[in-house]
Amino acid sequence: MRYRISRKVNLILAKFFKVPRKRAQLIAKGVNYALQPFAYRPRKEMAQELKTTPKSPLHIDANTAFCITDFAKIPEVTPAIERARQVYDEARAQESLKKSKGGKSKKDFLVYASQSHQSAQYDELMKLALARPVLDAVASYLGTMPILNCLHIMVSEPNDSAVDSQLYHLDFADVHQVKMFVALEDVTDDHGPFTFLSNDKTLELIDRIGYDRGRLTIEEVETAVGAEAQISLTCKRGEGVLLDTSKCMHYGSKGNKYPRLMLMIQYTDYYVPEAPPTRWPIEELKQKHALDPVQVMALGG
């Protein structure tokens with residue numbers, strides 16, 4: 001209920017009262033907090049406690065707001081990739097790739113082999129999403145214990161369009177969040193690679209053109225901060241990025257000649273104002289995977 005309320009507040013402030021993006025998010029987030037304030041302190045304290053334990057091999061830089069890495073250093077990655085590929089192959093063979101939003105999405109260039117709560121049935125995917133090195137890195141960056149908002153197997157289909165998320169934009173789920181993108185196979189320039197600006201370059205762009213929300217063309221971004229500021233995620237299978245998509249301008253799935261397969265895992269604050277998280281079967285997953293308190297918190301417990 002609180003997520004629906006905070007989301008409605010955010011939308012009303014943005015669409016009807018034209019409140020600037022960040023201010024609207026913070027107000028809506030405050031509403032979310034007011035509806036359930038008691039989870040705030042334990043989640044902050046847990047994040048602080050993690051800073052005193054051995055550091056995660058992953059680190060999201062606070063200035064740039066991203067970390068490109070070979071996720072193979074995390075044991076859970078390889079089994080997750082193999083399972084995700086199997087799920088994709090089966091969905092492709094059965095012609096059951098689906099659009100988001102219950103099939104109502106207008107993104108013909110982006111479909112899914114598995115979405116949100118459906119992913120809970122795949123043990124290997126959940127083990128990766130709840131892997132401590134990932135959770136610890138995200139908690140350190142956000143300054144609070146995150147929740148696993150969603151988990152998708154994303155398929156960018158060949159296309160020649162330039163619409164919607166194929167244009168530069170920021171995500172508005174919250175003032176900050178982290179998305180983990182893992183390549184399920186090699187990504188080249190012919191696969192419509194995920195492309196982004198670092199946080200510092202995004203701030204430079206915002207300052208120069210007065211950006212608040214909406215879409216920007218590649219040409220507009222290049223004019224503002226230069227072509228060299230763009231980072232294209234061409235990478236090998238198992239590589240990818242941890243990225244704050246609320247702070248790093250980005251686009252993807254544009255001009256594909258071949259399908260691009262990615263595993264996307266989203267982590268948000270417990271009080272996220274605009275993206276109601278997946279309702280995971282917490283007790284079932286807790287017993288099946290012998291989850292520790294940090295992992296239970298990540299499921300919203």
# chains A, B, ... in the order shown; residues from 1 in each chain; ligands from 1
$ residues_around --residues "A:Ser6" --least-positions-apart "5" --cutoff "10 Å" --atoms "only C-alpha atoms" --output "JSON, numbers by chain"
{"A": [1, 11, 12, 25, 27, 28, 29, 30, 31, 32, 33, 35, 271, 272, 273, 274, 275, 276]}
$ closest_atom_pairs --of "stretch 55-94 of chain A" --to "stretch 174-186 of chain A" --cutoff "12 Å" --atoms "only C-alpha atoms" --output "Markdown table"
| residue | atom | partner | partner_atom | distance |
| --- | --- | --- | --- | --- |
| A:Leu58 | CA | A:Met180 | CA | 11.5 |
| A:His59 | CA | A:Val178 | CA | 11.9 |
| A:Ile60 | CA | A:Val178 | CA | 9.3 |
| A:Asp61 | CA | A:Val178 | CA | 11.8 |
| A:Ala62 | CA | A:His176 | CA | 11.0 |
| A:Ala65 | CA | A:Val178 | CA | 8.8 |
| A:Phe66 | CA | A:Val178 | CA | 8.6 |
| A:Cys67 | CA | A:Met180 | CA | 9.5 |
| A:Ile68 | CA | A:Phe181 | CA | 9.5 |
| A:Thr69 | CA | A:Val182 | CA | 9.4 |
| A:Asp70 | CA | A:Val182 | CA | 8.9 |
| A:Phe71 | CA | A:Val182 | CA | 7.6 |
| A:Ala72 | CA | A:Val182 | CA | 10.1 |
| A:Ile74 | CA | A:Val182 | CA | 11.8 |
| A:Val77 | CA | A:Val182 | CA | 8.7 |
| A:Thr78 | CA | A:Leu184 | CA | 9.5 |
| A:Pro79 | CA | A:Leu184 | CA | 11.1 |
| A:Ala80 | CA | A:Leu184 | CA | 9.2 |
| A:Ile81 | CA | A:Leu184 | CA | 5.7 |
| A:Glu82 | CA | A:Leu184 | CA | 8.2 |
| A:Arg83 | CA | A:Leu184 | CA | 9.9 |
| A:Ala84 | CA | A:Leu184 | CA | 7.5 |
| A:Arg85 | CA | A:Leu184 | CA | 6.8 |
| A:Gln86 | CA | A:Leu184 | CA | 10.5 |
| A:Val87 | CA | A:Leu184 | CA | 11.4 |
| A:Tyr88 | CA | A:Leu184 | CA | 9.9 |
| A:Asp89 | CA | A:Leu184 | CA | 11.7 |
$ residues_around --residues "stretch 285-288 of chain A" --least-positions-apart "6" --cutoff "10 Å" --atoms "only C-alpha atoms" --output "PDB file with C-alpha atoms, in the first residue's frame"
ATOM      1  CA  ALA A 120      12.100 -16.747  -7.935  1.00  0.00           C
ATOM      2  CA  GLN A 121      11.692 -20.283  -9.300  1.00  0.00           C
ATOM      3  CA  ASP A 123      17.571 -21.030  -7.763  1.00  0.00           C
ATOM      4  CA  MET A 126      18.200 -15.914  -6.885  1.00  0.00           C
ATOM      5  CA  LYS A 127      21.547 -17.027  -5.468  1.00  0.00           C
ATOM      6  CA  GLN A 295      19.845 -11.547   2.475  1.00  0.00           C
ATOM      7  CA  VAL A 296      16.449 -11.646   4.212  1.00  0.00           C
ATOM      8  CA  LEU A 299      13.999  -9.563   0.061  1.00  0.00           C
ATOM      9  CA  GLY A 301      12.048  -8.898   5.344  1.00  0.00           C
TER      10      GLY A 301
END
$ select_by_dssp --residues "stretch 189-301 of chain A" --states "strand (DSSP E or B)" --output "count of residues only"
22
